[in-house]
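Novice: Could you have a look at this structure, given as structure tokens, before my questions?
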There are 2 protein chains.
Amino acid sequence: MALEHALLVSLSERTASGLELTRRFDRSIGHFWTATHQQIYRVLGRMEKDGWVRSETVAQQGRPDKKVYEVTEPGRLELERWIAEPTAGDPLRSSLMVKFRGASYGDRAALLEQARERLDEHNKRLALYEHLVGRDYADPSTLDGHDLDAYLVLRGGVRLEQFWIDWLTEYLDAWTKESR
Amino acid sequence: MALEHALLVSLSERTASGLELTRRFDRSIGHFWTATHQQIYRVLGRMEKDGWVRSETVAQQGRPDKKVYEVTEPGRLELERWIAEPTAGDPLRSSLMVKFRGASYGDRAALLEQARERLDEHNKRLALYEHLVGRDYADPSTLDGHDLDAYLVLRGGVRLEQFWIDWLTEYLDAWTKESR
DNA sequence: GCCACCTATGCAACTAGTTGCAACCCTGCG
DNA sequence: CGCAGGGTTGCAACTAGTTGCATAGGTGGC
């Protein structure tokens with residue numbers, strides 16, 4: 001299980017409240033580990049109980065108070081331990097692949113339409129990632145430390161989107177040749 | 001949720017017992033939707049109660065009886081319905097990506113070792129997939145219907161492994177340049 | 001003043017998936 | 001015989017994640 005640890009990584013980079021973490025998840029780490037705000041709150045509560053993070057209530061102008069979390073020393077040690085620990089392969093679960101495999105038991109035209117929509121989404125997301133690369137990493141060869149890590153993970157995102165685009169294109173091509 | 005539907009696809013191709021389904025999952029559909037035998041049994045039970053499948057106990061020589069499941073008409077209709085339904089993007093959760101992102105808060109050498117192991121696994125799996133392609137689909141251009149579907153899904157597997165290999169290689173290269 | 005809407009935190013109930021184990025049948029070995 | 005080992009089905013308890021909703025403070029429009 002890794003949501004705890006994803007939050008530790010995010011909070012190590014910068015302290016944040018639950019909602020800020022949620023939004024950050026919608027943008028950076030969240031491309032590779034999704035979570036809803038409810039779950040983040042729950043896990044933050046557990047982590048605080050376990051002493052991995054501590055929180056401070058911060059008053060805001062024109063807004064409700066927020067609870068800002070920061071990583072404690074035990075939290076830091078736990079993150080270190082987890083990073084060194086062997087990583088189990090994360091199970092992939094793609095309903096789209098299952099649908100494609102079972103296409104002959106359903107409406108193929110509808111499925112092709114879904115493939116097109118998915119292709120569109122991945123194209124959009126690829127454009128976003130490439131925009132981020134261009135904006136934040138003008139010269140990757142000079143990067144080091146945490147910046148290089150962040151860049152390489154973003155590169156993973158680019159490659160992953162490219163994978164989907166290429167494969168969905170192959171799929172659509174194969175099924176929309178004139179003869180079918 | 002899609003395990004039910006993955007099982008319907010698998011059983012549409014050929015009837016099977018719980019354990020046979022488990023093994024089939026370890027090989028074909030299971031590359032894109034994993035499940036343990038316990039879960040498969042539980043879901044099969046629920047599906048039978050809902051009338052999506054029916055089972056028949058088959059005596060075997062030298063082995064315990066097995067319960068062979070087959071898809072019923074309501075099950076077939078449900079599969080059809082599900083295939084036509086819009087597909088939500090399956091959340092990706094990769095602990096390895098989270099670890100890479102947080103590498104500066106842990107032991108980088110240990111992480112590079114994990115990357116190498118993962119690269120190795122993906123290379124092995126790519127070799128397996130390519131073997132399957134070569135063995136079962138000598139001439140893809142002649143395929144149609146369910147065979148084409150199965151081939152394209154396998155191609156997705158190949159491309160996915162290739163994605164991991166390329167990205168892990170980029171990652172390792174970036175972090176093992178002489179200067180670091 | 002009241003309502004719609006945004007920020008922020010959170011509970012409860014549900015669904016999905018994992019881990020650990022039990023039970024049972026049969027075969028083959030010493 | 002007795003016991004290890006594989007095949008087969010399954011229960012129970014746990015962990016993780018989702019959905020729906022509640023609460024509460026504040027802003028801005030009518």
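Going through the structure tokens in order, the chains are called A, B, and so on, while each chain numbers its residues from 1 and the ligands are numbered from 1 in the order shown.
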As JSON, numbers by chain, please: every residue in stretch 20-114 of chain B that a backbone DSSP assignment puts in strand (DSSP E or B).

Specialist: {"B": [33, 53, 54, 55, 56, 57, 58, 59, 60, 63, 64, 65, 66, 67, 68, 69, 70, 71, 93]}

Novice: Kindly save the residues from that selection, with N, CA and C atoms included, as a PDB file, in the first residue's frame.

Specialist:
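Output below, filename out06.pdb:
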ATOM      1  N   TRP B  33      -5.761  -7.860 -16.168  1.00  0.00           N
ATOM      2  CA  TRP B  33      -6.703  -7.820 -15.056  1.00  0.00           C
ATOM      3  C   TRP B  33      -6.405  -8.987 -14.120  1.00  0.00           C
ATOM      4  N   VAL B  53     -24.306 -16.731 -14.692  1.00  0.00           N
ATOM      5  CA  VAL B  53     -23.673 -17.993 -15.101  1.00  0.00           C
ATOM      6  C   VAL B  53     -24.439 -19.141 -14.450  1.00  0.00           C
ATOM      7  N   ARG B  54     -24.253 -20.324 -15.029  1.00  0.00           N
ATOM      8  CA  ARG B  54     -24.787 -21.515 -14.355  1.00  0.00           C
ATOM      9  C   ARG B  54     -23.653 -22.520 -14.261  1.00  0.00           C
ATOM     10  N   SER B  55     -23.731 -23.417 -13.298  1.00  0.00           N
ATOM     11  CA  SER B  55     -22.614 -24.340 -13.104  1.00  0.00           C
ATOM     12  C   SER B  55     -23.095 -25.779 -13.131  1.00  0.00           C
ATOM     13  N   GLU B  56     -22.169 -26.636 -13.450  1.00  0.00           N
ATOM     14  CA  GLU B  56     -22.441 -28.063 -13.503  1.00  0.00           C
ATOM     15  C   GLU B  56     -21.255 -28.773 -12.865  1.00  0.00           C
ATOM     16  N   THR B  57     -21.529 -29.676 -11.957  1.00  0.00           N
ATOM     17  CA  THR B  57     -20.439 -30.400 -11.289  1.00  0.00           C
ATOM     18  C   THR B  57     -19.982 -31.544 -12.179  1.00  0.00           C
ATOM     19  N   VAL B  58     -18.694 -31.586 -12.428  1.00  0.00           N
ATOM     20  CA  VAL B  58     -18.144 -32.591 -13.330  1.00  0.00           C
ATOM     21  C   VAL B  58     -17.173 -33.473 -12.560  1.00  0.00           C
ATOM     22  N   ALA B  59     -17.415 -34.793 -12.564  1.00  0.00           N
ATOM     23  CA  ALA B  59     -16.508 -35.732 -11.900  1.00  0.00           C
ATOM     24  C   ALA B  59     -15.258 -35.888 -12.757  1.00  0.00           C
ATOM     25  N   GLN B  60     -14.117 -36.055 -12.115  1.00  0.00           N
ATOM     26  CA  GLN B  60     -12.876 -36.230 -12.858  1.00  0.00           C
ATOM     27  C   GLN B  60     -12.162 -37.483 -12.381  1.00  0.00           C
ATOM     28  N   ARG B  63      -9.075 -36.984  -9.505  1.00  0.00           N
ATOM     29  CA  ARG B  63      -9.065 -35.623  -8.984  1.00  0.00           C
ATOM     30  C   ARG B  63     -10.417 -35.311  -8.374  1.00  0.00           C
ATOM     31  N   PRO B  64     -10.455 -34.307  -7.531  1.00  0.00           N
ATOM     32  CA  PRO B  64     -11.753 -33.923  -6.969  1.00  0.00           C
ATOM     33  C   PRO B  64     -12.682 -33.416  -8.069  1.00  0.00           C
ATOM     34  N   ASP B  65     -13.971 -33.461  -7.808  1.00  0.00           N
ATOM     35  CA  ASP B  65     -14.937 -32.901  -8.753  1.00  0.00           C
ATOM     36  C   ASP B  65     -14.636 -31.438  -8.992  1.00  0.00           C
ATOM     37  N   LYS B  66     -15.031 -30.953 -10.157  1.00  0.00           N
ATOM     38  CA  LYS B  66     -14.910 -29.513 -10.367  1.00  0.00           C
ATOM     39  C   LYS B  66     -16.260 -28.960 -10.810  1.00  0.00           C
ATOM     40  N   LYS B  67     -16.460 -27.684 -10.595  1.00  0.00           N
ATOM     41  CA  LYS B  67     -17.703 -27.030 -10.996  1.00  0.00           C
ATOM     42  C   LYS B  67     -17.421 -26.214 -12.249  1.00  0.00           C
ATOM     43  N   VAL B  68     -18.001 -26.627 -13.342  1.00  0.00           N
ATOM     44  CA  VAL B  68     -17.738 -25.931 -14.604  1.00  0.00           C
ATOM     45  C   VAL B  68     -18.833 -24.890 -14.844  1.00  0.00           C
ATOM     46  N   TYR B  69     -18.423 -23.673 -15.077  1.00  0.00           N
ATOM     47  CA  TYR B  69     -19.367 -22.573 -15.264  1.00  0.00           C
ATOM     48  C   TYR B  69     -19.560 -22.256 -16.735  1.00  0.00           C
ATOM     49  N   GLU B  70     -20.786 -21.847 -17.072  1.00  0.00           N
ATOM     50  CA  GLU B  70     -21.008 -21.322 -18.418  1.00  0.00           C
ATOM     51  C   GLU B  70     -21.922 -20.102 -18.333  1.00  0.00           C
ATOM     52  N   VAL B  71     -21.798 -19.239 -19.327  1.00  0.00           N
ATOM     53  CA  VAL B  71     -22.549 -17.992 -19.341  1.00  0.00           C
ATOM     54  C   VAL B  71     -23.999 -18.275 -19.726  1.00  0.00           C
ATOM     55  N   ARG B  93      -1.917   3.150 -10.676  1.00  0.00           N
ATOM     56  CA  ARG B  93      -1.240   3.337  -9.393  1.00  0.00           C
ATOM     57  C   ARG B  93       0.086   2.626  -9.454  1.00  0.00           C
TER      58      ARG B  93
END

Novice: Could you pull the residues within 9 Å of B:Ser104, counting only C-alpha atoms (C1' of nucleotides), minus those fewer than 6 positions along the same chain, as a ChimeraX atom specification?

Specialist: /A:145-146,149

Novice: Please provide the set of residues having any atom within 9 Å of stretch 73-78 of chain B, restricted to only C-alpha atoms (C1' of nucleotides), with same-chain residues fewer than 3 positions apart removed, written as a count of residues only.

Specialist: 13

Novice: Only residues of chain C matter here; which ones have an atom within 9 Å of chain B, counting only C-alpha atoms (C1' of nucleotides)? Give them as an NGL selection string.

Specialist: :C and (15-18 or 24-27)

Novice: Given only C-alpha atoms (C1' of nucleotides), how would the per-residue table for chain D near chain A read, listing every residue at most 8 Å away with its closest atom pair and distance in Å to one decimal, sorted by chain and number, as a Markdown table?

Specialist:
| residue | atom | partner | partner_atom | distance |
| --- | --- | --- | --- | --- |
| D:DA16 | C1' | A:Met1 | CA | 7.8 |
| D:DG17 | C1' | A:Gln39 | CA | 7.5 |
| D:DG25 | C1' | A:Pro64 | CA | 5.3 |
| D:DG26 | C1' | A:Arg63 | CA | 5.7 |
| D:DT27 | C1' | A:Gly62 | CA | 7.8 |

Novice: Filtering to N, CA and C atoms (P, O5', C5', C4', C3', O3' and C1' of nucleotides), could you give me those residues as a PDB file, in the first residue's frame?

Specialist:
ATOM      1  P    DA D  16      -3.727  -0.907   3.569  1.00  0.00           P
ATOM      2  O5'  DA D  16      -4.711  -0.619   2.359  1.00  0.00           O
ATOM      3  C5'  DA D  16      -4.617  -1.427   1.195  1.00  0.00           C
ATOM      4  C4'  DA D  16      -5.583  -0.897   0.179  1.00  0.00           C
ATOM      5  C3'  DA D  16      -5.594   0.622   0.035  1.00  0.00           C
ATOM      6  O3'  DA D  16      -5.404   0.851  -1.337  1.00  0.00           O
ATOM      7  C1'  DA D  16      -7.803  -0.188   0.325  1.00  0.00           C
ATOM      8  P    DG D  17      -5.400   2.312  -1.953  1.00  0.00           P
ATOM      9  O5'  DG D  17      -6.923   2.498  -2.379  1.00  0.00           O
ATOM     10  C5'  DG D  17      -7.450   1.699  -3.449  1.00  0.00           C
ATOM     11  C4'  DG D  17      -8.888   2.075  -3.659  1.00  0.00           C
ATOM     12  C3'  DG D  17      -9.139   3.572  -3.858  1.00  0.00           C
ATOM     13  O3'  DG D  17      -9.842   3.719  -5.080  1.00  0.00           O
ATOM     14  C1'  DG D  17     -10.619   2.675  -2.258  1.00  0.00           C
ATOM     15  P    DG D  25     -19.451  27.952  11.752  1.00  0.00           P
ATOM     16  O5'  DG D  25     -18.465  28.822  10.865  1.00  0.00           O
ATOM     17  C5'  DG D  25     -17.045  28.585  10.947  1.00  0.00           C
ATOM     18  C4'  DG D  25     -16.409  29.262   9.754  1.00  0.00           C
ATOM     19  C3'  DG D  25     -16.890  30.700   9.553  1.00  0.00           C
ATOM     20  O3'  DG D  25     -15.787  31.564   9.337  1.00  0.00           O
ATOM     21  C1'  DG D  25     -17.249  29.433   7.579  1.00  0.00           C
ATOM     22  P    DG D  26     -16.010  33.177   9.281  1.00  0.00           P
ATOM     23  O5'  DG D  26     -16.108  33.446   7.726  1.00  0.00           O
ATOM     24  C5'  DG D  26     -14.930  33.278   6.930  1.00  0.00           C
ATOM     25  C4'  DG D  26     -15.323  33.418   5.482  1.00  0.00           C
ATOM     26  C3'  DG D  26     -15.993  34.752   5.151  1.00  0.00           C
ATOM     27  O3'  DG D  26     -15.115  35.549   4.364  1.00  0.00           O
ATOM     28  C1'  DG D  26     -17.094  32.889   4.151  1.00  0.00           C
ATOM     29  P    DT D  27     -15.634  37.002   3.871  1.00  0.00           P
ATOM     30  O5'  DT D  27     -16.165  36.668   2.417  1.00  0.00           O
ATOM     31  C5'  DT D  27     -15.312  36.004   1.477  1.00  0.00           C
ATOM     32  C4'  DT D  27     -15.984  36.020   0.121  1.00  0.00           C
ATOM     33  C3'  DT D  27     -16.541  37.387  -0.281  1.00  0.00           C
ATOM     34  O3'  DT D  27     -16.196  37.653  -1.634  1.00  0.00           O
ATOM     35  C1'  DT D  27     -18.265  35.771  -0.318  1.00  0.00           C
TER      36       DT D  27
END

Novice: Select all residues from chain B having any atom no more than 7 Å from an atom of chain A (counting only C-alpha atoms, ignoring ligands), output as JSON, numbers by chain.

Specialist: {"B": [2, 6, 9, 29, 32, 33, 34, 80, 83, 84, 86, 87, 90, 91, 92, 93, 94, 95, 96, 97, 98, 99, 100, 101, 102, 104, 105, 106, 107, 110, 111, 114, 145, 146, 149, 150, 152, 153, 156, 159, 160, 163, 167, 171]}

Novice: How far is it from atom C1' of C:DA13 to atom CA of A:Phe25, in Å with one decimal?

Specialist: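 One can read the atom C1' of C:DA13 to atom CA of A:Phe25 distance as 25.1 Å.
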
Novice: What's the separation between atom CA of A:Asn123 and atom CA of A:Leu21, in Å to one decimal place?

Specialist: 26.0 Å

Novice: Between atom C1' of C:DC29 and atom C1' of D:DC3, what is the distance, to one decimal in Å?

Specialist: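 So the answer is 9.1 Å.
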